[in-house]
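Data block for structure-v1.txt (compact mmCIF, C-alpha atoms and all ligand atoms):
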```txt
# COMPACT_ATOMS: atom_id res chain seq x y z
CA MET A 582 1.49 -6.04 -14.34
CA ILE A 583 1.41 -2.54 -15.81
CA ILE A 584 1.30 0.52 -13.53
CA HIS A 585 -1.14 3.10 -14.87
CA TYR A 586 -1.52 6.74 -13.81
CA PRO A 587 -4.01 7.10 -10.93
CA VAL A 588 -5.29 10.51 -12.14
CA LYS A 589 -6.10 11.90 -15.59
CA ASN A 590 -3.71 14.85 -15.30
CA HIS A 591 -0.16 13.48 -15.21
CA THR A 592 1.54 16.68 -13.97
CA VAL A 593 3.88 15.85 -11.08
CA SER A 594 4.75 18.40 -8.36
CA HIS A 595 7.14 16.24 -6.32
CA ALA A 596 8.82 13.23 -7.88
CA PHE A 597 9.91 10.03 -6.17
CA GLY A 598 13.12 10.59 -4.22
CA PHE A 599 12.69 14.37 -3.98
CA ASP A 600 15.01 15.45 -1.17
CA ASN A 601 13.06 17.22 1.59
CA SER A 602 15.98 17.65 4.02
CA THR A 603 16.17 21.42 3.69
CA HIS A 604 12.44 22.11 3.30
CA PRO A 605 11.10 23.94 6.39
CA GLU A 606 7.91 21.89 6.59
CA ARG A 607 8.17 18.87 4.30
CA GLY A 608 11.45 17.83 5.90
CA ASP A 609 9.73 16.68 9.09
CA PHE A 610 7.46 14.17 7.45
CA TYR A 611 9.92 11.83 5.78
CA SER A 612 12.48 10.95 8.44
CA LEU A 613 11.53 7.25 8.05
CA PHE A 614 12.68 7.52 4.43
CA ASP A 615 15.91 9.50 5.05
CA ASN A 616 13.97 12.65 4.05
CA LYS A 617 13.43 11.34 0.52
CA HIS A 618 9.91 11.53 -0.89
CA PRO A 619 8.67 7.90 -0.97
CA GLY A 620 6.04 8.47 -3.66
CA VAL A 621 4.88 10.74 -6.47
CA ASP A 622 2.67 13.82 -5.91
CA PHE A 623 0.03 14.86 -8.42
CA PRO A 624 -1.14 18.43 -7.62
CA VAL A 625 -4.82 17.88 -8.42
CA ALA A 626 -7.68 19.93 -6.96
CA LYS A 627 -9.69 18.54 -4.06
CA GLY A 628 -12.44 16.23 -5.33
CA THR A 629 -10.52 14.91 -8.35
CA GLU A 630 -11.33 11.30 -9.24
CA VAL A 631 -8.61 8.79 -8.33
CA PHE A 632 -8.45 5.50 -10.21
CA ALA A 633 -6.78 2.17 -9.43
CA ALA A 634 -3.36 2.04 -11.11
CA PHE A 635 -3.60 -1.76 -11.30
CA PRO A 636 -6.15 -4.42 -10.27
CA GLY A 637 -5.99 -5.76 -6.72
CA ILE A 638 -7.59 -6.18 -3.31
CA VAL A 639 -8.18 -3.30 -0.88
CA VAL A 640 -5.93 -3.93 2.15
CA ARG A 641 -5.96 -0.49 3.78
CA ARG A 642 -8.76 2.01 4.24
CA GLU A 643 -7.97 4.20 7.19
CA PHE A 644 -6.95 7.56 8.56
CA HIS A 645 -3.17 7.82 8.97
CA LYS A 646 -1.64 10.81 10.80
CA GLY A 647 0.72 11.78 7.95
CA MET A 648 -1.08 10.34 4.92
CA GLY A 649 -4.60 11.28 6.00
CA ASN A 650 -7.33 9.18 4.41
CA VAL A 651 -5.42 6.43 2.67
CA ILE A 652 -6.40 3.48 0.49
CA GLY A 653 -3.97 0.58 -0.01
CA ILE A 654 -4.42 -1.91 -2.84
CA ARG A 655 -2.34 -5.10 -3.15
CA ASN A 656 -1.57 -7.33 -6.08
CA GLY A 657 1.04 -10.02 -5.34
CA ASN A 658 4.00 -8.36 -3.63
CA ILE A 659 3.08 -4.82 -4.71
CA VAL A 660 0.95 -2.43 -2.65
CA ALA A 661 -0.16 0.95 -3.99
CA LEU A 662 -1.04 3.68 -1.50
CA TYR A 663 -3.35 6.55 -2.45
CA ALA A 664 -3.05 9.25 0.22
CA HIS A 665 -4.63 12.53 1.43
CA LEU A 666 -8.03 11.53 0.00
CA SER A 667 -11.18 13.51 0.79
CA GLU A 668 -13.45 10.52 0.19
CA PHE A 669 -13.26 6.73 -0.08
CA ALA A 670 -15.15 4.85 -2.82
CA VAL A 671 -14.05 1.27 -2.00
CA SER A 672 -14.23 -1.05 1.03
CA LEU A 673 -11.68 -3.21 2.80
CA GLY A 674 -11.36 -6.62 1.15
CA GLU A 675 -12.99 -5.43 -2.07
CA ILE A 676 -11.47 -6.78 -5.28
CA ILE A 677 -11.21 -4.06 -7.88
CA ASP A 678 -10.16 -3.81 -11.48
CA VAL A 679 -7.64 -1.42 -12.99
CA GLY A 680 -9.19 2.01 -13.62
CA HIS A 681 -11.85 1.55 -10.93
CA LEU A 682 -12.78 4.76 -9.07
CA ILE A 683 -11.31 4.33 -5.58
CA GLY A 684 -11.89 7.75 -4.06
CA LEU A 685 -11.60 11.51 -4.41
CA SER A 686 -8.39 13.42 -3.84
CA GLY A 687 -8.08 15.93 -1.04
CA GLU A 688 -5.75 17.42 1.54
CA THR A 689 -6.14 15.20 4.62
CA GLY A 690 -3.19 14.29 6.87
CA ASP A 691 -0.34 16.26 8.42
CA ALA A 692 2.06 15.64 5.49
CA CYS A 693 -0.27 17.45 3.11
CA LEU A 694 0.50 21.15 2.71
CA SER A 695 -1.79 21.74 -0.28
CA PRO A 696 -4.35 19.57 -2.12
CA HIS A 697 -2.70 16.70 -4.04
CA LEU A 698 -2.67 12.95 -4.49
CA HIS A 699 0.33 11.16 -2.99
CA PHE A 700 0.79 7.87 -4.86
CA GLU A 701 3.26 5.37 -3.43
CA LEU A 702 4.33 1.88 -4.45
CA ARG A 703 5.78 -0.64 -1.99
CA ASP A 704 7.35 -4.01 -2.67
CA ILE A 705 6.24 -5.75 0.52
CA SER A 706 8.47 -8.78 -0.08
CA LYS A 707 11.37 -6.59 1.08
CA SER A 708 12.19 -5.83 4.69
CA GLY A 709 12.31 -2.30 6.07
CA LEU A 710 9.98 0.45 4.93
CA LYS A 711 12.59 2.52 3.08
CA ASN A 712 13.71 -0.52 1.05
CA MET A 713 10.12 -1.25 0.03
CA VAL A 714 9.30 2.03 -1.74
CA PHE A 715 10.27 2.50 -5.39
CA ASP A 716 9.79 4.88 -8.32
CA PRO A 717 6.53 3.94 -10.08
CA PRO A 718 7.19 2.81 -13.69
CA PHE A 719 4.08 4.50 -15.13
CA GLU A 720 2.60 2.85 -18.23
CA LYS A 721 5.29 0.19 -18.05
CA GLU A 722 5.55 -3.35 -16.77
CA CYS A 723 6.45 -3.54 -13.07
CA GLU A 724 9.61 -5.66 -13.25
CA THR A 725 9.67 -6.55 -9.55
CA TYR A 726 6.11 -7.91 -9.48
CA THR A 727 5.60 -11.49 -8.26
CA ASP A 728 2.25 -13.24 -7.86
CA THR A 729 3.12 -14.64 -4.39
CA PHE A 730 5.77 -13.75 -1.85
CA GLU A 731 7.27 -15.11 1.32
CA TYR A 732 6.66 -13.46 4.65
CA ILE A 733 9.01 -14.31 7.53
CA VAL A 734 7.00 -14.06 10.73
CA ASN A 735 8.39 -11.46 13.13
CA ASN A 736 6.54 -12.09 16.39
CA LYS A 737 9.22 -11.03 18.85
CA ASN A 738 7.13 -8.13 20.12
CA THR A 739 3.77 -8.96 18.54
CA GLN A 740 1.16 -11.72 18.54
CA LYS A 741 0.41 -12.01 14.83
CA THR A 742 -1.96 -14.83 13.93
CA LEU A 743 -3.31 -16.18 10.64
CA LYS A 744 -6.19 -13.75 11.09
CA THR A 745 -3.72 -10.86 11.41
CA LEU A 746 -1.99 -11.86 8.16
CA SER A 747 -5.33 -12.27 6.41
CA SER A 748 -6.35 -8.74 7.47
CA LEU A 749 -2.97 -7.25 6.52
CA TYR A 750 -2.78 -8.81 3.06
CA PHE A 751 -6.45 -9.26 2.12
CA GLY A 752 -8.21 -6.54 4.12
CA SER A 753 -10.36 -9.07 6.03
CA GLU A 754 -10.10 -12.29 8.04
CA LYS A 755 -11.83 -14.26 5.30
CA TYR A 756 -8.60 -15.51 3.69
CA CYS A 757 -7.27 -17.49 6.69
CA GLU A 758 -8.25 -20.77 5.02
CA VAL A 759 -6.52 -19.81 1.76
CA ILE A 760 -3.29 -18.98 3.62
CA LYS A 761 -3.55 -22.26 5.57
CA GLU A 762 -4.09 -24.28 2.41
CA THR A 763 -1.24 -22.60 0.52
CA ASN A 764 1.14 -23.43 3.35
CA GLY A 765 -0.22 -26.85 4.34
CA MET A 766 -0.99 -25.49 7.82
CA TYR A 767 -4.15 -27.56 8.16
CA THR A 768 -4.07 -27.86 11.94
CA ASN A 769 -3.18 -24.25 12.77
CA ASP A 770 -5.71 -22.34 14.79
CA PRO A 771 -6.34 -18.95 13.11
CA ASP A 772 -6.25 -17.21 16.51
CA THR A 773 -3.00 -18.70 17.83
CA PRO A 774 0.12 -16.50 17.52
CA LEU A 775 2.44 -17.78 14.79
CA LEU A 776 5.91 -19.04 15.64
CA ASP A 777 8.57 -16.37 15.31
CA GLY A 778 10.79 -16.91 12.27
CA ILE A 779 8.62 -19.28 10.25
CA VAL A 780 8.19 -18.56 6.54
CA ILE A 781 4.67 -18.17 5.18
CA THR A 782 3.85 -17.94 1.49
CA ILE A 783 1.27 -15.22 0.95
CA PRO A 784 -0.93 -16.15 -2.02
CA ASN A 785 -2.56 -13.65 -4.30
CA TYR A 786 -6.23 -12.75 -3.94
CA ASN A 787 -7.39 -14.42 -7.12
ZN ZN B 801 3.82 12.86 -1.49
```
Kindly present the structure from the file in structure tokens form.
Ligand SMILES: [Zn+2]
Amino acid sequence: MIIHYPVKNHTVSHAFGFDNSTHPERGDFYSLFDNKHPGVDFPVAKGTEVFAAFPGIVVRREFHKGMGNVIGIRNGNIVALYAHLSEFAVSLGEIIDVGHLIGLSGETGDACLSPHLHFELRDISKSGLKNMVFDPPFEKECETYTDTFEYIVNNKNTQKTLKTLSSLYFGSEKYCEVIKETNGMYTNDPDTPLLDGIVITIPNYN
């Protein structure tokens, strides 16, 4: 799977890994990532068209305190986040092709000090947020891509069900049956909390 640029202008203002520790304002936003910038910033004007960097299914479409209006698109184990948007152009659970218009850039969210697109890639087969993020290999093959991945259920403090996993990885509850089939979990009730520690293979959307 090739990672394309999400905007037409490829100028970057803050690269992946940019150290924010000494910045008076930016420093506060990235403590979860040891103050390193977890994505790439494109300093585009508000209202700039943002395009899908690869094909996938929309798994996040929400307002996040730091990232503002954010769209998340998954393909296999890779999720792309498009943050600080002014407008959304896709819906949760929608399957979209590479280059599809997904929204307009903006300056929403506390971690946005001037209009830009924050683009972030996560390998969700890894554990721990700061291990998931990586430097996007623009216009190149994503070497860490896998079509399916294994999720180890962590239900110590939560009550995740098949419906929860379907919403997290497919943007809707419609994929419960696909997850059940992939894992031979024919008798599992989609509303019953999953056993802590079991391994579930998350299939792709297609
Ligand atoms: Zn950023």
Within 9 Å of ligand ZN 801 (chain B), counting only C-alpha atoms and all ligand atoms, which protein or nucleic acid residues do you find, written as a PyMOL selection string? chain A and resi 594-597+618-623+648+664-665+692-693+697-701
Set the distance at 10 Å and use all atoms listed in the file: which residues neighbour A:Thr773 once local chain neighbours fewer than 6 positions away are removed? I'd like the list as a ChimeraX atom specification. /A:740-744
My list of candidates is A:Met713, A:Val660, A:Val593, A:Ile654. Which is closest to A:Leu613 when distances are computed with all atoms listed in the file?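 Residue with the minimum atom-to-atom distance to A:Leu613: A:Met713.
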Within 8 Å of stretch 630-638 of chain A, counting only C-alpha atoms, which residues qualify if same-chain residues fewer than 2 places away don't, as a ChimeraX atom specification? /A:582-588,628,640,654-656,661,673-686,751-752,786
Within 10 Å of A:Phe644, counting only C-alpha atoms, which residues qualify if same-chain residues fewer than 2 places away don't, as number ranges by chain? A: 641-642, 646-652, 664-666, 689-690
Would you export the selected residues with C-alpha atoms as a tab-separated table (two decimals), in the frame of the given file, please?
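Written file, selection_22.tsv:
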```
chain	number	residue	atom	x	y	z
A	641	ARG	CA	-5.96	-0.49	3.78
A	642	ARG	CA	-8.76	2.01	4.24
A	646	LYS	CA	-1.64	10.81	10.80
A	647	GLY	CA	0.72	11.78	7.95
A	648	MET	CA	-1.08	10.34	4.92
A	649	GLY	CA	-4.60	11.28	6.00
A	650	ASN	CA	-7.33	9.18	4.41
A	651	VAL	CA	-5.42	6.43	2.67
A	652	ILE	CA	-6.40	3.48	0.49
A	664	ALA	CA	-3.05	9.25	0.22
A	665	HIS	CA	-4.63	12.53	1.43
A	666	LEU	CA	-8.03	11.53	0.00
A	689	THR	CA	-6.14	15.20	4.62
A	690	GLY	CA	-3.19	14.29	6.87
```
Give me, please, the distance in Å between atom CA of A:Cys757 and atom CA of A:Tyr663, quoted to one decimal.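 Interatomic distance here is 26.0 Å.
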In terms of the shortest atom-to-atom distance over all atoms listed in the file, which of A:Tyr750, A:Phe599, A:Tyr732, A:Tyr767 is closest to A:Lys707?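 For A:Lys707, the nearest of the given residues is A:Tyr732.
Note that atom CA of A:Asn764 and atom CA of A:Asn735 are 17.1 Å apart.
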If we count all atoms listed in the file, what is near A:Asp777 at a cut-off of 8 Å, once residues fewer than 2 positions away on the same chain are taken out, given as a list in words?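 Listing them by chain and then by number gives Val734, Asn735, Asn736, Lys737, Leu775 and Ile779 of chain A.
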Export, as a PDB file, in the frame of the given file, the selected residues with C-alpha atoms.
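For reference, again.pdb as written:
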```pdb
ATOM      1  CA  VAL A 734       7.000 -14.060  10.730  1.00  0.00           C
ATOM      2  CA  ASN A 735       8.390 -11.460  13.130  1.00  0.00           C
ATOM      3  CA  ASN A 736       6.540 -12.090  16.390  1.00  0.00           C
ATOM      4  CA  LYS A 737       9.220 -11.030  18.850  1.00  0.00           C
ATOM      5  CA  LEU A 775       2.440 -17.780  14.790  1.00  0.00           C
ATOM      6  CA  ILE A 779       8.620 -19.280  10.250  1.00  0.00           C
TER       7      ILE A 779
END
```
